[in-house]
>>> print(open('coords-v5.txt').read())   # compact mmCIF, C-alpha atoms
# COMPACT_ATOMS: atom_id res chain seq x y z
CA MET I 1 -44.88 8.45 40.28
CA SER I 2 -45.13 4.66 40.09
CA VAL I 3 -46.10 2.19 37.41
CA ARG I 4 -49.85 1.81 37.05
CA THR I 5 -51.25 -1.69 37.11
CA ARG I 6 -54.84 -2.88 36.82
CA ALA I 7 -56.78 -1.63 39.84
CA ASP I 8 -58.89 -4.79 40.01
CA LEU I 9 -55.80 -6.91 40.71
CA ASP I 10 -55.51 -5.37 44.20
CA ALA I 11 -58.54 -7.37 45.27
CA LEU I 12 -57.43 -10.60 43.60
CA PRO I 13 -56.12 -13.21 46.04
CA SER I 14 -52.98 -15.07 45.01
CA TYR I 15 -53.00 -18.78 44.30
CA VAL I 16 -52.01 -20.55 47.52
CA PRO I 17 -49.85 -23.65 46.94
CA GLY I 18 -49.58 -26.47 49.45
CA LYS I 19 -47.06 -25.77 52.19
CA THR I 20 -43.67 -27.43 52.44
CA VAL I 21 -42.49 -27.65 56.04
CA PRO I 22 -38.95 -28.94 56.68
CA GLY I 23 -39.02 -32.25 58.50
CA ALA I 24 -42.75 -32.77 57.95
CA ILE I 25 -44.65 -35.16 55.69
CA LYS I 26 -46.22 -33.21 52.83
CA LEU I 27 -49.71 -34.43 51.91
CA ALA I 28 -50.94 -31.07 50.63
CA SER I 29 -50.39 -30.87 46.87
CA ASN I 30 -51.57 -34.21 45.43
CA GLU I 31 -48.08 -35.06 44.27
CA VAL I 32 -47.03 -38.69 43.82
CA SER I 33 -44.60 -39.32 46.67
CA ALA I 34 -42.64 -41.97 44.76
CA GLY I 35 -41.56 -39.44 42.13
CA PRO I 36 -40.74 -40.09 38.47
CA LEU I 37 -39.50 -43.51 37.39
CA PRO I 38 -35.71 -44.05 37.07
CA SER I 39 -36.07 -44.47 33.29
CA VAL I 40 -37.68 -41.02 33.10
CA VAL I 41 -34.94 -39.45 35.21
CA ARG I 42 -32.31 -40.97 32.91
CA ALA I 43 -34.05 -39.61 29.82
CA VAL I 44 -34.17 -36.12 31.34
CA ALA I 45 -30.50 -36.28 32.36
CA GLU I 46 -29.48 -37.20 28.83
CA ALA I 47 -31.62 -34.43 27.34
CA ALA I 48 -30.17 -31.85 29.72
CA THR I 49 -26.99 -31.63 27.63
CA ALA I 50 -29.03 -29.90 24.89
CA MET I 51 -30.72 -27.34 27.12
CA ASN I 52 -28.95 -24.53 25.23
CA ARG I 53 -31.42 -25.13 22.39
CA TYR I 54 -35.01 -23.94 22.26
CA PRO I 55 -37.66 -26.62 22.70
CA ASP I 56 -40.01 -27.65 19.91
CA THR I 57 -42.74 -25.07 20.45
CA GLY I 58 -45.30 -27.37 18.80
CA CYS I 59 -44.33 -30.42 20.91
CA VAL I 60 -44.72 -32.43 17.71
CA GLU I 61 -43.26 -35.72 18.95
CA LEU I 62 -45.29 -35.59 22.18
CA VAL I 63 -48.48 -34.65 20.34
CA ASP I 64 -47.98 -37.51 17.88
CA ARG I 65 -47.48 -39.96 20.75
CA LEU I 66 -50.60 -38.72 22.48
CA ALA I 67 -52.60 -38.87 19.24
CA ASP I 68 -51.59 -42.50 18.79
CA LYS I 69 -52.32 -43.36 22.43
CA LEU I 70 -55.72 -41.65 22.51
CA GLY I 71 -56.88 -42.49 19.00
CA VAL I 72 -57.50 -38.88 17.96
CA PRO I 73 -55.98 -36.78 15.16
CA ALA I 74 -52.97 -34.68 16.13
CA ASP I 75 -54.84 -31.50 15.19
CA ARG I 76 -57.21 -32.17 18.09
CA ILE I 77 -54.43 -31.99 20.71
CA ALA I 78 -52.81 -28.92 22.25
CA THR I 79 -50.09 -28.90 24.88
CA GLY I 80 -49.39 -26.44 27.65
CA SER I 81 -47.27 -25.77 30.70
CA GLY I 82 -49.47 -27.93 32.91
CA SER I 83 -53.23 -28.19 32.49
CA VAL I 84 -53.70 -25.05 34.61
CA THR I 85 -52.12 -22.98 31.82
CA LEU I 86 -54.51 -24.59 29.35
CA CYS I 87 -57.39 -23.57 31.63
CA GLN I 88 -56.30 -19.96 31.24
CA GLN I 89 -55.79 -20.32 27.49
CA LEU I 90 -59.28 -21.75 27.08
CA ILE I 91 -60.78 -18.79 28.92
CA GLN I 92 -58.70 -16.38 26.85
CA ALA I 93 -59.77 -18.13 23.64
CA THR I 94 -63.50 -18.05 24.43
CA CYS I 95 -64.13 -14.96 26.56
CA ALA I 96 -64.11 -11.21 26.04
CA ASP I 97 -65.32 -8.42 28.32
CA GLY I 98 -68.77 -9.22 29.67
CA ASP I 99 -68.57 -12.96 29.01
CA GLU I 100 -68.98 -15.50 31.81
CA VAL I 101 -67.17 -18.63 33.00
CA LEU I 102 -69.20 -21.08 35.07
CA PHE I 103 -67.81 -23.68 37.47
CA PRO I 104 -68.79 -25.70 40.54
CA TRP I 105 -67.63 -24.48 43.93
CA ARG I 106 -65.75 -25.61 45.77
CA SER I 107 -63.59 -26.89 42.92
CA PHE I 108 -60.10 -26.25 41.53
CA GLU I 109 -59.11 -22.96 43.15
CA ALA I 110 -57.39 -21.67 40.00
CA TYR I 111 -60.71 -21.36 38.13
CA PRO I 112 -61.83 -18.08 39.74
CA LEU I 113 -58.32 -16.60 39.70
CA LEU I 114 -57.74 -17.34 36.00
CA THR I 115 -61.20 -16.09 35.08
CA HIS I 116 -60.57 -12.80 36.89
CA VAL I 117 -57.14 -12.34 35.31
CA VAL I 118 -58.57 -12.82 31.83
CA GLY I 119 -61.25 -10.27 32.60
CA ALA I 120 -64.34 -12.47 32.38
CA ALA I 121 -67.13 -12.70 34.92
CA GLN I 122 -67.43 -15.83 37.05
CA THR I 123 -70.42 -17.86 38.20
CA ARG I 124 -69.87 -20.27 41.08
CA VAL I 125 -72.40 -23.06 41.56
CA PRO I 126 -72.46 -24.68 45.04
CA LEU I 127 -71.89 -28.41 45.36
CA THR I 128 -74.60 -30.75 46.61
CA SER I 129 -74.85 -31.77 50.25
CA GLY I 130 -72.96 -34.90 49.24
CA HIS I 131 -70.01 -32.78 48.01
CA GLU I 132 -70.73 -33.60 44.36
CA LEU I 133 -71.15 -31.37 41.33
CA ASP I 134 -74.75 -30.15 41.07
CA LEU I 135 -75.24 -30.52 37.32
CA ASP I 136 -78.88 -29.40 37.37
CA ALA I 137 -77.92 -26.20 39.20
CA MET I 138 -75.08 -25.64 36.74
CA LEU I 139 -77.50 -25.93 33.82
CA ALA I 140 -79.85 -23.47 35.49
CA ALA I 141 -76.97 -21.01 35.98
CA ILE I 142 -76.10 -20.81 32.25
CA THR I 143 -76.96 -17.45 30.71
CA PRO I 144 -76.58 -16.00 27.19
CA ARG I 145 -73.25 -14.58 28.41
CA THR I 146 -71.82 -17.97 29.41
CA ARG I 147 -68.99 -19.00 27.11
CA LEU I 148 -67.26 -21.80 29.02
CA LEU I 149 -67.94 -24.11 31.94
CA PHE I 150 -65.63 -26.41 33.86
CA VAL I 151 -66.52 -29.94 34.97
CA CYS I 152 -63.70 -31.07 37.24
CA ASN I 153 -63.94 -34.87 37.17
CA PRO I 154 -62.93 -36.16 39.68
CA ASN I 155 -63.51 -32.90 41.49
CA ASN I 156 -60.64 -31.20 43.31
CA PRO I 157 -60.74 -30.99 46.34
CA THR I 158 -63.68 -33.30 47.14
CA GLY I 159 -62.62 -36.31 45.03
CA THR I 160 -66.22 -36.99 43.99
CA ALA I 161 -66.92 -37.85 40.36
CA VAL I 162 -69.67 -37.40 37.77
CA ARG I 163 -70.92 -40.60 36.19
CA THR I 164 -71.28 -41.22 32.47
CA ALA I 165 -75.07 -41.18 32.24
CA ASP I 166 -75.30 -37.93 34.22
CA LEU I 167 -72.60 -36.27 32.11
CA GLU I 168 -74.31 -37.33 28.89
CA ALA I 169 -77.62 -35.88 30.05
CA PHE I 170 -75.88 -32.69 31.15
CA VAL I 171 -73.97 -32.06 27.92
CA ALA I 172 -77.08 -32.73 25.85
CA ARG I 173 -78.74 -29.73 27.56
CA VAL I 174 -75.79 -27.33 27.38
CA PRO I 175 -76.14 -24.79 24.54
CA ASP I 176 -73.96 -25.60 21.53
CA ASP I 177 -72.03 -22.32 21.82
CA VAL I 178 -70.88 -23.01 25.40
CA LEU I 179 -67.63 -24.95 25.71
CA VAL I 180 -67.77 -27.80 28.25
CA VAL I 181 -64.28 -28.40 29.64
CA ILE I 182 -63.86 -31.76 31.41
CA ASP I 183 -60.84 -31.32 33.67
CA GLU I 184 -59.35 -34.77 34.24
CA ALA I 185 -56.16 -34.06 36.20
CA TYR I 186 -56.80 -37.20 38.29
CA LYS I 187 -58.11 -39.52 35.58
CA GLU I 188 -55.51 -42.23 36.22
CA PHE I 189 -56.79 -42.82 39.77
CA VAL I 190 -60.39 -43.52 38.76
CA ASP I 191 -61.50 -47.10 39.44
CA ASP I 192 -65.28 -46.69 39.16
CA PRO I 193 -66.36 -48.08 35.77
CA HIS I 194 -69.33 -45.71 35.76
CA VAL I 195 -67.05 -42.65 35.66
CA PRO I 196 -66.33 -41.80 32.02
CA ASP I 197 -63.02 -41.59 30.24
CA GLY I 198 -63.29 -37.97 29.13
CA VAL I 199 -61.53 -38.44 25.80
CA GLU I 200 -63.72 -41.39 24.81
CA PHE I 201 -66.75 -39.40 25.95
CA ALA I 202 -65.67 -36.41 23.86
CA LYS I 203 -65.17 -38.58 20.77
CA THR I 204 -68.71 -39.89 21.15
CA GLN I 205 -70.04 -36.34 21.43
CA TRP I 206 -68.11 -35.26 18.34
CA GLU I 207 -69.56 -38.18 16.39
CA GLN I 208 -73.02 -36.93 17.38
CA GLY I 209 -72.23 -33.46 16.05
CA ARG I 210 -71.40 -31.75 19.36
CA ASP I 211 -67.98 -30.15 19.08
CA ASN I 212 -68.29 -28.13 22.30
CA VAL I 213 -66.59 -30.69 24.56
CA ALA I 214 -62.89 -30.41 25.49
CA VAL I 215 -60.79 -32.48 27.88
CA LEU I 216 -57.79 -31.48 29.99
CA ARG I 217 -55.15 -33.86 31.34
CA THR I 218 -51.77 -33.46 32.97
CA PHE I 219 -48.48 -35.25 33.56
CA SER I 220 -48.18 -33.58 36.99
CA LYS I 221 -50.10 -36.10 39.09
CA ALA I 222 -49.99 -39.79 38.18
CA TYR I 223 -46.88 -39.37 36.03
CA GLY I 224 -44.93 -37.61 38.78
CA LEU I 225 -43.83 -34.61 36.69
CA ALA I 226 -45.36 -31.76 38.73
CA GLY I 227 -42.03 -29.92 38.76
CA LEU I 228 -41.64 -29.94 34.98
CA ARG I 229 -45.09 -28.60 34.00
CA VAL I 230 -46.67 -30.30 31.01
CA GLY I 231 -50.31 -30.99 30.25
CA TYR I 232 -52.56 -31.29 27.21
CA ALA I 233 -56.03 -30.58 25.89
CA VAL I 234 -58.10 -32.72 23.54
CA ALA I 235 -60.75 -30.75 21.69
CA SER I 236 -62.23 -29.93 18.29
CA GLU I 237 -59.92 -28.57 15.59
CA ARG I 238 -61.48 -25.12 16.01
CA VAL I 239 -60.81 -25.02 19.77
CA VAL I 240 -57.27 -26.37 19.37
CA GLU I 241 -56.54 -23.76 16.72
CA ALA I 242 -57.76 -21.05 19.10
CA LEU I 243 -55.61 -22.46 21.91
CA ARG I 244 -52.53 -22.28 19.71
CA LYS I 245 -53.24 -18.62 18.97
CA VAL I 246 -53.06 -17.70 22.66
CA TYR I 247 -50.19 -20.09 23.42
CA VAL I 248 -46.98 -18.57 24.78
CA PRO I 249 -44.17 -19.82 22.47
CA PHE I 250 -41.80 -22.43 23.95
CA SER I 251 -43.81 -22.64 27.19
CA VAL I 252 -43.46 -26.45 27.37
CA ASN I 253 -39.75 -26.78 27.93
CA ALA I 254 -37.55 -29.39 26.28
CA LEU I 255 -36.97 -31.46 29.42
CA ALA I 256 -40.69 -31.58 30.12
CA GLN I 257 -41.34 -32.90 26.62
CA VAL I 258 -38.68 -35.60 26.97
CA ALA I 259 -39.98 -36.59 30.41
CA ALA I 260 -43.56 -36.83 29.18
CA ILE I 261 -42.59 -39.08 26.28
CA ALA I 262 -40.44 -41.28 28.54
CA SER I 263 -43.36 -41.51 30.98
CA LEU I 264 -45.62 -42.72 28.20
CA ASP I 265 -43.00 -45.38 27.43
CA ALA I 266 -43.20 -46.49 31.09
CA GLU I 267 -46.97 -46.20 31.38
CA ASP I 268 -47.58 -49.79 32.49
CA GLU I 269 -45.24 -49.35 35.44
CA LEU I 270 -46.77 -45.99 36.29
CA MET I 271 -50.29 -47.38 36.25
CA GLU I 272 -49.16 -50.10 38.62
CA ARG I 273 -48.21 -47.33 41.03
CA CYS I 274 -51.62 -45.74 40.54
CA ARG I 275 -53.34 -48.98 41.50
CA ALA I 276 -51.29 -49.08 44.70
CA ILE I 277 -52.36 -45.51 45.49
CA VAL I 278 -56.00 -46.43 44.85
CA ALA I 279 -55.69 -49.32 47.31
CA GLU I 280 -54.16 -46.99 49.91
CA ARG I 281 -56.95 -44.48 49.27
CA GLY I 282 -59.51 -47.12 50.23
CA ARG I 283 -57.59 -48.05 53.36
CA VAL I 284 -57.18 -44.44 54.48
CA ARG I 285 -60.85 -43.62 53.90
CA ASP I 286 -62.02 -46.74 55.73
CA GLU I 287 -59.90 -45.89 58.77
CA LEU I 288 -61.04 -42.28 58.80
CA VAL I 289 -64.70 -43.25 58.58
CA ALA I 290 -64.17 -45.76 61.40
CA ALA I 291 -62.64 -42.95 63.46
CA GLY I 292 -65.80 -40.86 63.03
CA PHE I 293 -64.90 -38.58 60.11
CA GLU I 294 -67.18 -37.83 57.19
CA VAL I 295 -65.22 -38.69 54.03
CA PRO I 296 -66.94 -38.66 50.63
CA PRO I 297 -65.93 -41.53 48.32
CA SER I 298 -62.94 -40.36 46.28
CA GLN I 299 -61.85 -41.18 42.75
CA ALA I 300 -58.64 -39.14 42.98
CA ASN I 301 -55.32 -39.49 44.83
CA PHE I 302 -56.62 -37.64 47.87
CA VAL I 303 -59.49 -37.66 50.35
CA TRP I 304 -61.67 -34.78 51.52
CA LEU I 305 -62.63 -34.07 55.11
CA PRO I 306 -65.51 -31.53 55.18
CA LEU I 307 -64.70 -30.08 58.59
CA GLY I 308 -66.29 -26.67 58.14
CA GLU I 309 -65.26 -24.19 60.80
CA ARG I 310 -63.01 -26.81 62.46
CA THR I 311 -60.74 -26.98 59.42
CA LEU I 312 -57.99 -24.62 60.58
CA ALA I 313 -57.85 -26.25 64.01
CA PHE I 314 -57.45 -29.64 62.34
CA ASN I 315 -54.73 -28.21 60.10
CA ASP I 316 -52.82 -26.88 63.12
CA HIS I 317 -53.21 -30.23 64.85
CA CYS I 318 -51.74 -32.06 61.85
CA LEU I 319 -48.84 -29.59 61.64
CA ALA I 320 -48.10 -30.25 65.29
CA HIS I 321 -47.82 -33.92 64.33
CA LYS I 322 -45.47 -33.05 61.43
CA VAL I 323 -48.04 -33.72 58.71
CA VAL I 324 -48.93 -31.02 56.16
CA VAL I 325 -52.46 -31.19 54.72
CA ARG I 326 -54.26 -28.68 52.48
CA ALA I 327 -56.71 -26.62 54.50
CA PHE I 328 -59.53 -24.62 52.89
CA ALA I 329 -60.71 -22.36 55.71
CA GLY I 330 -64.38 -22.81 56.54
CA ASP I 331 -64.81 -25.77 54.18
CA GLY I 332 -62.50 -28.70 54.80
CA ALA I 333 -59.11 -30.34 54.45
CA ARG I 334 -57.77 -32.21 51.44
CA VAL I 335 -55.24 -34.94 52.19
CA THR I 336 -53.04 -36.49 49.52
CA ILE I 337 -52.60 -40.26 49.55
CA GLY I 338 -48.87 -40.81 49.99
CA GLU I 339 -46.73 -43.83 50.70
CA PRO I 340 -48.15 -46.26 53.32
CA GLU I 341 -45.89 -44.97 56.09
CA GLU I 342 -46.85 -41.37 55.29
CA ASN I 343 -50.51 -42.29 55.38
CA ASP I 344 -49.99 -44.06 58.71
CA ALA I 345 -48.51 -40.88 60.18
CA PHE I 346 -51.52 -38.87 58.99
CA LEU I 347 -53.99 -41.45 60.29
CA ALA I 348 -52.32 -41.39 63.71
CA ALA I 349 -52.69 -37.61 63.81
CA ALA I 350 -56.31 -37.74 62.62
CA LYS I 351 -57.26 -40.40 65.16
CA ALA I 352 -55.64 -38.39 67.93
CA TRP I 353 -57.75 -35.40 66.86
CA SER I 354 -60.90 -37.50 66.75
CA ALA I 355 -60.25 -38.82 70.24
CA GLU I 356 -59.90 -35.34 71.77
>>> encode(input="coords-v5.txt", output="structure tokens")
Amino acid sequence: MSVRTRADLDALPSYVPGKTVPGAIKLASNEVSAGPLPSVVRAVAEAATAMNRYPDTGCVELVDRLADKLGVPADRIATGSGSVTLCQQLIQATCADGDEVLFPWRSFEAYPLLTHVVGAAQTRVPLTSGHELDLDAMLAAITPRTRLLFVCNPNNPTGTAVRTADLEAFVARVPDDVLVVIDEAYKEFVDDPHVPDGVEFAKTQWEQGRDNVAVLRTFSKAYGLAGLRVGYAVASERVVEALRKVYVPFSVNALAQVAAIASLDAEDELMERCRAIVAERGRVRDELVAAGFEVPPSQANFVWLPLGERTLAFNDHCLAHKVVVRAFAGDGARVTIGEPEENDAFLAAAKAWSAE
């Protein structure tokens, strides 16, 4: 006799992280190649001497710093072990058996996995031919069972972004009892002034009486803390209270909290790095387009190559050139913008593929 687990988990695919291949350049996980700033590393090293103590489960100092930075009350902020954990908590807090979660597809690959684990039904809405979120189709897909929908902005893995006017029109038509979650993991890389700041957008919605808008952000990407796992949600007091009820105690560890606060202290320097990545993103896209690739305009720290059935062959080609990209079989390849020399190595591989 063996332990019985949920039968439906047998059919659930595991989350597939980007590969790490010894000796190869990793452009698969949207990490910032430069890593955390020296001042952040020093802060973590100093805090490590107290790792025998439990962390502050409420992340009070970090929440207060974020509240001050964002101009929102502290009771509208919840923290989590990366924004992906907050995605799961939001589904847990809004969905019971028979409820639905709606999201664009392709989008962040954790959405369907987390929805299944929680036990909710999922509705996937195809992207447009331009690899953008189809907001009209998402509205049409809402049913009385829909409890939550994700708007990944910029979208992972395509890098495309929803503009302010379109998002306003969309939210105005979403039923009040459906939570709209704007997932902004890549917010710091946005340079299009027509793409909204999710928190400012949410504040405007709240002022208009719509409290069904929440925003997710993370310290994993622009802040270079992917290995420490810390993210946050900004939402109405009711949603934040619900998030805290399904929160696993102490899940944001003490070093992650210290690193996040130190990163906020060094934000000007970090944003300078982001601007350099944005410039590289433009260069990489321009060279790929010139080489004959279709590459949608990106507002994130990666570019998307919609290669369809050629995706796995392209992935193997890049691996042979010691470059690791993120392949989504049958759809395309997502390529992180790294340091200039890393990008040059990828471009050489891509151009060699294009010339074949």
>>> residues_around(input="coords-v5.txt", residues="stretch 278-290 of chain I", least_positions_apart="3", cutoff="12 Å", atoms="all atoms listed in the file", output="ChimeraX atom specification")
/I:32,159,186-192,222,271-275,293-305,335-355
>>> closest_residue(input="coords-v5.txt", among="I:Arg106, I:Arg4, I:Arg244, I:Lys69", to="I:Arg124", atoms="only C-alpha atoms")
I:Arg106
>>> atom_distance(input="coords-v5.txt", atom1="atom CA of I:Gln92", atom2="atom CA of I:Asn153")
21.8 Å
>>> closest_residue(input="coords-v5.txt", among="I:Glu309, I:Ser263, I:Val323, I:Leu113", to="I:Ser39", atoms="all atoms listed in the file")
I:Ser263
>>> residues_around(input="coords-v5.txt", residues="stretch 245-251 of chain I", least_positions_apart="5", cutoff="12 Å", atoms="all atoms listed in the file", output="ChimeraX atom specification")
/I:53-59,78-82,85-94,118,228-231,238-240,256-257
>>> atom_distance(input="coords-v5.txt", atom1="atom CA of I:Phe201", atom2="atom CA of I:Leu66")
16.5 Å
>>> decode(input="coords-v5.txt", residues="stretch 242-252 of chain I", atoms="all heavy atoms", output="PDB file, in the first residue's frame")
ATOM      1  N   ALA I 242      -7.404  39.096   2.612  1.00  0.00           N
ATOM      2  CA  ALA I 242      -7.581  37.714   2.161  1.00  0.00           C
ATOM      3  C   ALA I 242      -6.245  37.067   1.841  1.00  0.00           C
ATOM      4  O   ALA I 242      -6.010  35.886   2.147  1.00  0.00           O
ATOM      5  CB  ALA I 242      -8.502  37.680   0.941  1.00  0.00           C
ATOM      6  N   LEU I 243      -5.339  37.818   1.231  1.00  0.00           N
ATOM      7  CA  LEU I 243      -4.002  37.294   0.926  1.00  0.00           C
ATOM      8  C   LEU I 243      -3.270  36.887   2.197  1.00  0.00           C
ATOM      9  O   LEU I 243      -2.592  35.850   2.233  1.00  0.00           O
ATOM     10  CB  LEU I 243      -3.179  38.351   0.175  1.00  0.00           C
ATOM     11  CG  LEU I 243      -3.412  38.469  -1.331  1.00  0.00           C
ATOM     12  CD1 LEU I 243      -2.675  39.682  -1.880  1.00  0.00           C
ATOM     13  CD2 LEU I 243      -2.970  37.209  -2.044  1.00  0.00           C
ATOM     14  N   ARG I 244      -3.399  37.692   3.221  1.00  0.00           N
ATOM     15  CA  ARG I 244      -2.701  37.395   4.475  1.00  0.00           C
ATOM     16  C   ARG I 244      -3.271  36.149   5.159  1.00  0.00           C
ATOM     17  O   ARG I 244      -2.568  35.456   5.894  1.00  0.00           O
ATOM     18  CB  ARG I 244      -2.752  38.610   5.397  1.00  0.00           C
ATOM     19  CG  ARG I 244      -1.871  39.742   4.877  1.00  0.00           C
ATOM     20  CD  ARG I 244      -1.982  41.021   5.671  1.00  0.00           C
ATOM     21  NE  ARG I 244      -1.063  42.033   5.147  1.00  0.00           N
ATOM     22  CZ  ARG I 244      -1.170  43.333   5.352  1.00  0.00           C
ATOM     23  NH1 ARG I 244      -2.170  43.799   6.085  1.00  0.00           N
ATOM     24  NH2 ARG I 244      -0.294  44.180   4.830  1.00  0.00           N
ATOM     25  N   LYS I 245      -4.536  35.840   4.879  1.00  0.00           N
ATOM     26  CA  LYS I 245      -5.135  34.646   5.474  1.00  0.00           C
ATOM     27  C   LYS I 245      -4.610  33.361   4.837  1.00  0.00           C
ATOM     28  O   LYS I 245      -4.622  32.304   5.473  1.00  0.00           O
ATOM     29  CB  LYS I 245      -6.660  34.713   5.363  1.00  0.00           C
ATOM     30  CG  LYS I 245      -7.278  35.730   6.313  1.00  0.00           C
ATOM     31  CD  LYS I 245      -8.789  35.731   6.235  1.00  0.00           C
ATOM     32  CE  LYS I 245      -9.374  36.724   7.246  1.00  0.00           C
ATOM     33  NZ  LYS I 245     -10.855  36.769   7.183  1.00  0.00           N
ATOM     34  N   VAL I 246      -4.177  33.428   3.583  1.00  0.00           N
ATOM     35  CA  VAL I 246      -3.654  32.233   2.921  1.00  0.00           C
ATOM     36  C   VAL I 246      -2.126  32.268   2.816  1.00  0.00           C
ATOM     37  O   VAL I 246      -1.523  31.434   2.148  1.00  0.00           O
ATOM     38  CB  VAL I 246      -4.283  32.060   1.515  1.00  0.00           C
ATOM     39  CG1 VAL I 246      -5.769  31.831   1.622  1.00  0.00           C
ATOM     40  CG2 VAL I 246      -3.991  33.264   0.616  1.00  0.00           C
ATOM     41  N   TYR I 247      -1.517  33.219   3.479  1.00  0.00           N
ATOM     42  CA  TYR I 247      -0.059  33.386   3.470  1.00  0.00           C
ATOM     43  C   TYR I 247       0.599  32.313   4.339  1.00  0.00           C
ATOM     44  O   TYR I 247       0.137  32.024   5.451  1.00  0.00           O
ATOM     45  CB  TYR I 247       0.263  34.774   4.005  1.00  0.00           C
ATOM     46  CG  TYR I 247       1.722  35.123   4.188  1.00  0.00           C
ATOM     47  CD1 TYR I 247       2.535  35.376   3.097  1.00  0.00           C
ATOM     48  CD2 TYR I 247       2.279  35.237   5.460  1.00  0.00           C
ATOM     49  CE1 TYR I 247       3.867  35.739   3.261  1.00  0.00           C
ATOM     50  CE2 TYR I 247       3.600  35.601   5.643  1.00  0.00           C
ATOM     51  CZ  TYR I 247       4.393  35.845   4.541  1.00  0.00           C
ATOM     52  OH  TYR I 247       5.708  36.201   4.703  1.00  0.00           O
ATOM     53  N   VAL I 248       1.673  31.712   3.846  1.00  0.00           N
ATOM     54  CA  VAL I 248       2.439  30.768   4.646  1.00  0.00           C
ATOM     55  C   VAL I 248       3.362  31.573   5.564  1.00  0.00           C
ATOM     56  O   VAL I 248       4.184  32.362   5.083  1.00  0.00           O
ATOM     57  CB  VAL I 248       3.278  29.831   3.755  1.00  0.00           C
ATOM     58  CG1 VAL I 248       4.146  28.916   4.611  1.00  0.00           C
ATOM     59  CG2 VAL I 248       2.365  29.007   2.849  1.00  0.00           C
ATOM     60  N   PRO I 249       3.259  31.432   6.880  1.00  0.00           N
ATOM     61  CA  PRO I 249       4.070  32.240   7.799  1.00  0.00           C
ATOM     62  C   PRO I 249       5.569  32.141   7.507  1.00  0.00           C
ATOM     63  O   PRO I 249       6.076  31.062   7.180  1.00  0.00           O
ATOM     64  CB  PRO I 249       3.736  31.642   9.172  1.00  0.00           C
ATOM     65  CG  PRO I 249       2.377  31.060   9.006  1.00  0.00           C
ATOM     66  CD  PRO I 249       2.332  30.537   7.601  1.00  0.00           C
ATOM     67  N   PHE I 250       6.242  33.278   7.601  1.00  0.00           N
ATOM     68  CA  PHE I 250       7.700  33.386   7.446  1.00  0.00           C
ATOM     69  C   PHE I 250       8.189  33.036   6.039  1.00  0.00           C
ATOM     70  O   PHE I 250       9.365  32.729   5.843  1.00  0.00           O
ATOM     71  CB  PHE I 250       8.430  32.488   8.465  1.00  0.00           C
ATOM     72  CG  PHE I 250       7.986  32.664   9.881  1.00  0.00           C
ATOM     73  CD1 PHE I 250       7.356  31.638  10.566  1.00  0.00           C
ATOM     74  CD2 PHE I 250       8.176  33.872  10.536  1.00  0.00           C
ATOM     75  CE1 PHE I 250       6.937  31.793  11.876  1.00  0.00           C
ATOM     76  CE2 PHE I 250       7.767  34.054  11.855  1.00  0.00           C
ATOM     77  CZ  PHE I 250       7.144  33.011  12.524  1.00  0.00           C
ATOM     78  N   SER I 251       7.312  33.089   5.030  1.00  0.00           N
ATOM     79  CA  SER I 251       7.736  32.639   3.701  1.00  0.00           C
ATOM     80  C   SER I 251       8.651  33.627   2.983  1.00  0.00           C
ATOM     81  O   SER I 251       9.337  33.251   2.035  1.00  0.00           O
ATOM     82  CB  SER I 251       6.519  32.319   2.829  1.00  0.00           C
ATOM     83  OG  SER I 251       5.691  33.448   2.655  1.00  0.00           O
ATOM     84  N   VAL I 252       8.671  34.894   3.413  1.00  0.00           N
ATOM     85  CA  VAL I 252       9.681  35.831   2.895  1.00  0.00           C
ATOM     86  C   VAL I 252      10.808  35.862   3.910  1.00  0.00           C
ATOM     87  O   VAL I 252      10.664  36.407   5.001  1.00  0.00           O
ATOM     88  CB  VAL I 252       9.094  37.241   2.678  1.00  0.00           C
ATOM     89  CG1 VAL I 252      10.182  38.171   2.120  1.00  0.00           C
ATOM     90  CG2 VAL I 252       7.913  37.188   1.716  1.00  0.00           C
TER      91      VAL I 252
END
